[in-house]
Amino acid sequence: MSRLRKWTADGPGLLVMLVLAGAGSWAKKATAEEGAVFPAAELSERARGSLATVAHASRSGEMSGQGTGFVISADGLVATNLHVIGEGRPVAVTLADGRVFPVREIRAWDRKMDLAILRIDAEDLVPLPLGDGEELRQGETVLVLGNPQGLTHSVVQGVVSAHREIDGISMLQLAIPIEPGNSGGPVLNAAGEVVGVVTMKSAVTENLGFAMPSGGLRVLLEKPNPVPAERWITLGRVDPNRWEVSEDGARWFRRGGMLQVEGLASGFGGRTLCLSKGGEPEGSFELAVRVRLADESGAAGLAFAADGGDQHYGFYATSGKLRLTHFAGPTVYSWNILEEIETPHYLPGEWNHLRVRWDGGVLACYLNGLRVAERPLPELAAGRVGLCRFREPGAQFKGFRMGADLSGDFAEPPAELMAEAEQTLRRMERLPDAEVALPGMLADHPDLARGVLEREKRRLRERLSWLEALSKRADETSVLREMHLLLGKAGLEGEVDLLRGALIVARAGEPDLDSGAYLEEIEGMIEEVRARLSEEPKPEDIVAALREYLFVENGFHGSRMDYYNRANSHLNAVLDDREGIPISLSVLFIGMARGLGLESLKGVGLPGHFVVQNQPLDGETGPLIDVFDGAKELSREQAEELVWGTTGLQLREEHLEPLSNRQILVRMLRNLIGIEMASEDVGRALPYLDLLLALSPDESGERFQRTLLRFQAGLLTGAREDLSWLLDNRPSGLEYERLEELLEFIDERLKQ
């Protein structure tokens with residue numbers, strides 16, 4: 001579990017981000033002298049005019065989510081938290097003098113640091129100066145300004161109690177009261193400089209919080225990733241061409257390839273709807289979706305026969321059960337539960353597949369491929385279909401479908417296979433019926449009883465760990481099979497689909513990922529760019545349009561603070577966060593270019609850096625393009641300097657050879673394997689090694705690496721297969737006597 005989850009949020013929930021930063025014209029140039037009284041009143045008075053209130057719009061258009069911001073440049077830059085501005089929402093800034101400005105541009109933002117810099121159309125502002133939070137000493141006094149609980153321009157004094165690393169980020173630990181509304185407010189040192197941005201409130205004590213050192217703001221100022229406000233409000237937005245969401249206070253958004261909803265809606269029971277614009281079903285129909293509740297006290301599932309207002313039917317999961325309900329109006333008196341279904345086939349906390357079928361007279365309800373309810377409904381009126389959620393906890397949806405027959409959406413395993421799997425587990429671990437017998441047997445020997453039961457608890461914990469490993473391996477096998485299917489479609493010599501392959505790579509680390517949803521998202525992006533081009537665009541026109549669309553309008557950027565995070569190599573996370581490393585950003589750029597007809601755009605694996613280049617077979621090769629740096633063109637001399645500065649190597653002609661899609665995917669996988677091998681859990685490299693060897697079976701280094709990891713994980717059969725390959729093929733650099741000894745040891749273990 002993330003260490004951040006030990007801390008609560010800026011309101012209800014597990015985590016709340018608060019954050020601060022600055023730059024300016026009025027600060028003293030030296031810190032207060034030792035023993036001097038901290039000038040809290042003077043600093044507060046001076047900083048007051050630089051504070052701001054930041055709010056984002058709710059779905060109804062009213063400004064909400066109030067937090068703090070502060071001016072960091074005279075020409076209209078304001079710093080705050082990313083969570084304060086709310087992704088995909090219009091944002092407004094109220095200055096200390098009462099003037100209100102709509103935000104014109106999100107100048108820079110970073111999700112991991114939870115920082116954002118906003119631009120408003122204002123001049124001659126008084127900025128706060130940026131200091132260096134890393135230089136603060138333990139015990140040094142600081143001042144926090146903000147709008148706690150909506151009480152604007154409030155001040156609180158405290159001390160730096162420690163420098164603390166949380167989830168790989170250095171933060172300032174503050175002994176200071178933090179309240180909702182402080183989010184985004186500045187932390188000042190004795191010289192009046194901004195040294196941090198408060199980020200978290202402790203769940204353990206009232207007077208402990210954390211701040212992001214001000215260096216994070218410096219990074220954003222040096223390397224901005226600007227997004228115009230009109231573009232910002234589309235980030236994570238549910239596609240308005242496909243869905244219509246209720247204007248009721250709940251927030252529907254798209255992330256992780258899924259539709260998600262959070263926040264309490266204003267209607268009866270917190271009900272909120274997301275209705276499809278795909279047309280109303282005519283005659284018999286089926287609907288299906290996969291749904292996962294954030295908490296079993298919530299409720300979410302399918303809505304149908306909806307009039308766009310308060311009337312609809314719902315089939316949804318709630319409290320570990322299923323309900324079929326008719327809503328005929330806005331109050332509890334018009335709510336009629338038709339069926340309440342308890343079934344062992346419901347999986348609490350997991351994805352559940354819901355499906356309904358109406359054949360003109362009877363409604364049948366299915367859970368995970370099994371029919372769980374059937375009810376005559378000849379009077380079912382025609383209407384719209386979609387998704388529903390009730391009460392406060394959020395929910396996630398994926399794979400919504402409407403059609404005549406969706407029974408194939410959930411392929412229920414054959415009953416014989418299920419029975420065989422269950423019997424296999426029971427044979428391997430059969431628990432005795434000890435509830436009655438053991439207490440009587442051991443009543444006269446309580447110490448012995450405790451020892452026996454402790455050993456049994458230890459054994460059960462080991463069994464749970466084993467079952468979790470089995471589940472993980474099942475996910476890994478599913479991902480590997482998906483890659484083999486992709487390779488089978490390409491054939492022995494054919495090129496694999498680059499975007500699909502990259503999403504399979506991401507699935508190795510995120511098994512829940514919905515690849516289809518991301519492919520649809522990319523296709524939508526391609527169509528947006530296509531609309532700007534002529535019917536027969538030149539290669540340079542396509543490259544220019546992609547550069548403008550991705551890096552100018554939508555804020556895609558190279559990772560600044562967290563380069564070696566595995567998410568930077570997962571294409572889905574690159575799309576969600578608009579952040580990546582050279583190869584992942586290049587994969588997106590190449591995939592979109594080819595979708596626009598530019599098939600000759602190739603990936604070029606320079607030593608230590610990945611770029612792209614147009615390399616037509618019958619034309620002039622274009623310039624190198626550094627997608628990591630906003631798709632800027634690189635001259636040969638600049639490329640040589642880049643390679644030398646990164647690796648100390650001379651750029652050679654063979655470095656400019658284009659890579660095949662397989663080679664690009666292998667390079668992505670090597671990055672991920674390197675990250676995992678340097679982590680505390682090297683076993684997480686195994687699924688990436690499986691994919692790499694599926695793409696390129698003759699990689700002896702990775703084959704040896706997988707041998708050792710399989711052996712360490714107890715996967716002896718797999719380790720033996722790899723050992724046999726190494727002994728048969730005899731790549732150089734290995735001690736074959738040791739490998740033969742290991743093979744003999746494994747064979748002995750497998751006989752036991």
# chains A, B, ... in the order shown; residues from 1 in each chain; ligands from 1
call {"tool": "residues_around", "arguments": {"residues": "A:Asp722", "least_positions_apart": "6", "cutoff": "8 Å", "atoms": "only C-alpha atoms", "output": "PDB file with C-alpha atoms, in the first residue's frame"}}
result
ATOM      1  CA  ARG A 703      16.396 -15.974 -21.170  1.00  0.00           C
ATOM      2  CA  PHE A 704      19.021 -16.414 -18.435  1.00  0.00           C
ATOM      3  CA  ARG A 706      14.039 -15.292 -16.596  1.00  0.00           C
ATOM      4  CA  THR A 707      15.571 -18.639 -15.593  1.00  0.00           C
TER       5      THR A 707
END
call {"tool": "residues_around", "arguments": {"residues": "A:Leu727", "least_positions_apart": "2", "cutoff": "8 Å", "atoms": "only C-alpha atoms", "output": "short mmCIF file (atom, residue, chain, number, x, y, z; two decimals) with C-alpha atoms, in the first residue's frame"}}
result
data_model
loop_
_atom_site.label_atom_id
_atom_site.label_comp_id
_atom_site.auth_asym_id
_atom_site.auth_seq_id
_atom_site.Cartn_x
_atom_site.Cartn_y
_atom_site.Cartn_z
CA LEU A 723 17.61 -23.96 -18.72
CA SER A 724 17.07 -26.56 -21.45
CA TRP A 725 17.00 -23.80 -24.08
CA ASN A 729 21.74 -23.19 -27.74
CA ARG A 730 24.93 -22.55 -25.72
CA TYR A 736 27.41 -24.34 -18.26
CA LEU A 739 23.59 -24.57 -15.26
CA GLU A 740 23.74 -28.35 -15.54
#
call {"tool": "closest_residue", "arguments": {"among": "A:Phe315, A:Tyr333, A:Phe38, A:Phe589", "to": "A:Leu571", "atoms": "only C-alpha atoms"}}
result
A:Phe589
call {"tool": "select_by_dssp", "arguments": {"residues": "stretch 536-711 of chain A", "states": "helix (DSSP H, G or I)", "output": "MDAnalysis selection string"}}
result
chainID A and resid 539:553 566:569 571:577 582:595 627:629 636:647 653:656 661:677 682:695 700:711
call {"tool": "closest_residue", "arguments": {"among": "A:Asp97, A:Glu476, A:Glu140, A:Glu523", "to": "A:Arg507", "atoms": "only C-alpha atoms"}}
result
A:Glu476
call {"tool": "residues_around", "arguments": {"residues": "A:Thr647", "least_positions_apart": "4", "cutoff": "7 Å", "atoms": "only C-alpha atoms", "output": "JSON, numbers by chain"}}
result
{"A": [607, 608, 643]}
call {"tool": "atom_distance", "arguments": {"atom1": "atom CA of A:Arg530", "atom2": "atom CA of A:Gly558"}}
result
24.3 Å
call {"tool": "closest_residue", "arguments": {"among": "A:Leu287, A:Ile583, A:Leu324, A:Val261", "to": "A:Ile664", "atoms": "only C-alpha atoms"}}
result
A:Ile583
call {"tool": "closest_residue", "arguments": {"among": "A:Val54, A:Ala40, A:Val126, A:Leu656", "to": "A:Ile72", "atoms": "only C-alpha atoms"}}
result
A:Val126
call {"tool": "residues_around", "arguments": {"residues": "A:Glu548", "least_positions_apart": "3", "cutoff": "12 Å", "atoms": "only C-alpha atoms", "output": "PyMOL selection string"}}
result
chain A and resi 226-227+528-529+532+541-545+551-556+589+627+630-632
call {"tool": "select_by_dssp", "arguments": {"residues": "stretch 575-739 of chain A", "states": "strand (DSSP E)", "output": "count of residues only"}}
result
22
call {"tool": "residues_around", "arguments": {"residues": "stretch 745-752 of chain A", "least_positions_apart": "3", "cutoff": "12 Å", "atoms": "only C-alpha atoms", "output": "JSON, numbers by chain"}}
result
{"A": [707, 708, 710, 711, 712, 714, 715, 716, 717, 718, 719, 720, 721, 722, 723, 724, 738, 739, 740, 741, 742]}
call {"tool": "write_last_selection", "arguments": {"atoms": "N, CA and C atoms", "output": "PDB file, in the first residue's frame"}}
result
ATOM      1  N   THR A 707      15.275 -17.375 -16.273  1.00  0.00           N
ATOM      2  CA  THR A 707      15.571 -18.639 -15.593  1.00  0.00           C
ATOM      3  C   THR A 707      15.722 -18.419 -14.091  1.00  0.00           C
ATOM      4  N   LEU A 708      16.528 -17.424 -13.736  1.00  0.00           N
ATOM      5  CA  LEU A 708      16.783 -17.165 -12.320  1.00  0.00           C
ATOM      6  C   LEU A 708      15.534 -16.679 -11.596  1.00  0.00           C
ATOM      7  N   ARG A 710      12.373 -17.215 -12.428  1.00  0.00           N
ATOM      8  CA  ARG A 710      11.430 -18.325 -12.307  1.00  0.00           C
ATOM      9  C   ARG A 710      11.842 -19.261 -11.171  1.00  0.00           C
ATOM     10  N   PHE A 711      13.136 -19.549 -11.078  1.00  0.00           N
ATOM     11  CA  PHE A 711      13.614 -20.434 -10.016  1.00  0.00           C
ATOM     12  C   PHE A 711      13.346 -19.812  -8.647  1.00  0.00           C
ATOM     13  N   GLN A 712      13.635 -18.517  -8.504  1.00  0.00           N
ATOM     14  CA  GLN A 712      13.415 -17.841  -7.226  1.00  0.00           C
ATOM     15  C   GLN A 712      11.938 -17.804  -6.852  1.00  0.00           C
ATOM     16  N   GLY A 714       9.826 -20.126  -7.530  1.00  0.00           N
ATOM     17  CA  GLY A 714       9.307 -21.475  -7.378  1.00  0.00           C
ATOM     18  C   GLY A 714       8.633 -22.018  -8.614  1.00  0.00           C
ATOM     19  N   LEU A 715       8.818 -21.362  -9.750  1.00  0.00           N
ATOM     20  CA  LEU A 715       8.226 -21.821 -11.014  1.00  0.00           C
ATOM     21  C   LEU A 715       9.226 -22.769 -11.679  1.00  0.00           C
ATOM     22  N   LEU A 716       9.336 -23.962 -11.120  1.00  0.00           N
ATOM     23  CA  LEU A 716      10.419 -24.862 -11.495  1.00  0.00           C
ATOM     24  C   LEU A 716      10.269 -25.396 -12.912  1.00  0.00           C
ATOM     25  N   THR A 717       9.041 -25.683 -13.331  1.00  0.00           N
ATOM     26  CA  THR A 717       8.845 -26.197 -14.689  1.00  0.00           C
ATOM     27  C   THR A 717       9.295 -25.169 -15.723  1.00  0.00           C
ATOM     28  N   GLY A 718       8.905 -23.910 -15.515  1.00  0.00           N
ATOM     29  CA  GLY A 718       9.324 -22.854 -16.432  1.00  0.00           C
ATOM     30  C   GLY A 718      10.819 -22.630 -16.402  1.00  0.00           C
ATOM     31  N   ALA A 719      11.419 -22.670 -15.189  1.00  0.00           N
ATOM     32  CA  ALA A 719      12.865 -22.504 -15.085  1.00  0.00           C
ATOM     33  C   ALA A 719      13.589 -23.626 -15.820  1.00  0.00           C
ATOM     34  N   ARG A 720      13.040 -24.850 -15.743  1.00  0.00           N
ATOM     35  CA  ARG A 720      13.666 -25.981 -16.437  1.00  0.00           C
ATOM     36  C   ARG A 720      13.605 -25.788 -17.956  1.00  0.00           C
ATOM     37  N   GLU A 721      12.480 -25.269 -18.460  1.00  0.00           N
ATOM     38  CA  GLU A 721      12.361 -25.017 -19.901  1.00  0.00           C
ATOM     39  C   GLU A 721      13.427 -24.029 -20.371  1.00  0.00           C
ATOM     40  N   ASP A 722      13.617 -22.963 -19.600  1.00  0.00           N
ATOM     41  CA  ASP A 722      14.627 -21.974 -19.991  1.00  0.00           C
ATOM     42  C   ASP A 722      16.036 -22.543 -19.898  1.00  0.00           C
ATOM     43  N   LEU A 723      16.297 -23.332 -18.844  1.00  0.00           N
ATOM     44  CA  LEU A 723      17.610 -23.958 -18.723  1.00  0.00           C
ATOM     45  C   LEU A 723      17.892 -24.876 -19.912  1.00  0.00           C
ATOM     46  N   SER A 724      16.888 -25.652 -20.310  1.00  0.00           N
ATOM     47  CA  SER A 724      17.068 -26.558 -21.449  1.00  0.00           C
ATOM     48  C   SER A 724      17.383 -25.776 -22.710  1.00  0.00           C
ATOM     49  N   ARG A 738      27.577 -25.000 -14.034  1.00  0.00           N
ATOM     50  CA  ARG A 738      26.639 -24.550 -12.994  1.00  0.00           C
ATOM     51  C   ARG A 738      25.198 -24.703 -13.458  1.00  0.00           C
ATOM     52  N   LEU A 739      24.950 -24.420 -14.739  1.00  0.00           N
ATOM     53  CA  LEU A 739      23.589 -24.569 -15.260  1.00  0.00           C
ATOM     54  C   LEU A 739      23.157 -26.033 -15.233  1.00  0.00           C
ATOM     55  N   GLU A 740      24.073 -26.930 -15.564  1.00  0.00           N
ATOM     56  CA  GLU A 740      23.738 -28.353 -15.536  1.00  0.00           C
ATOM     57  C   GLU A 740      23.460 -28.824 -14.109  1.00  0.00           C
ATOM     58  N   GLU A 741      24.211 -28.290 -13.148  1.00  0.00           N
ATOM     59  CA  GLU A 741      23.951 -28.620 -11.745  1.00  0.00           C
ATOM     60  C   GLU A 741      22.573 -28.122 -11.317  1.00  0.00           C
ATOM     61  N   LEU A 742      22.227 -26.912 -11.753  1.00  0.00           N
ATOM     62  CA  LEU A 742      20.915 -26.367 -11.417  1.00  0.00           C
ATOM     63  C   LEU A 742      19.806 -27.197 -12.050  1.00  0.00           C
TER      64      LEU A 742
END
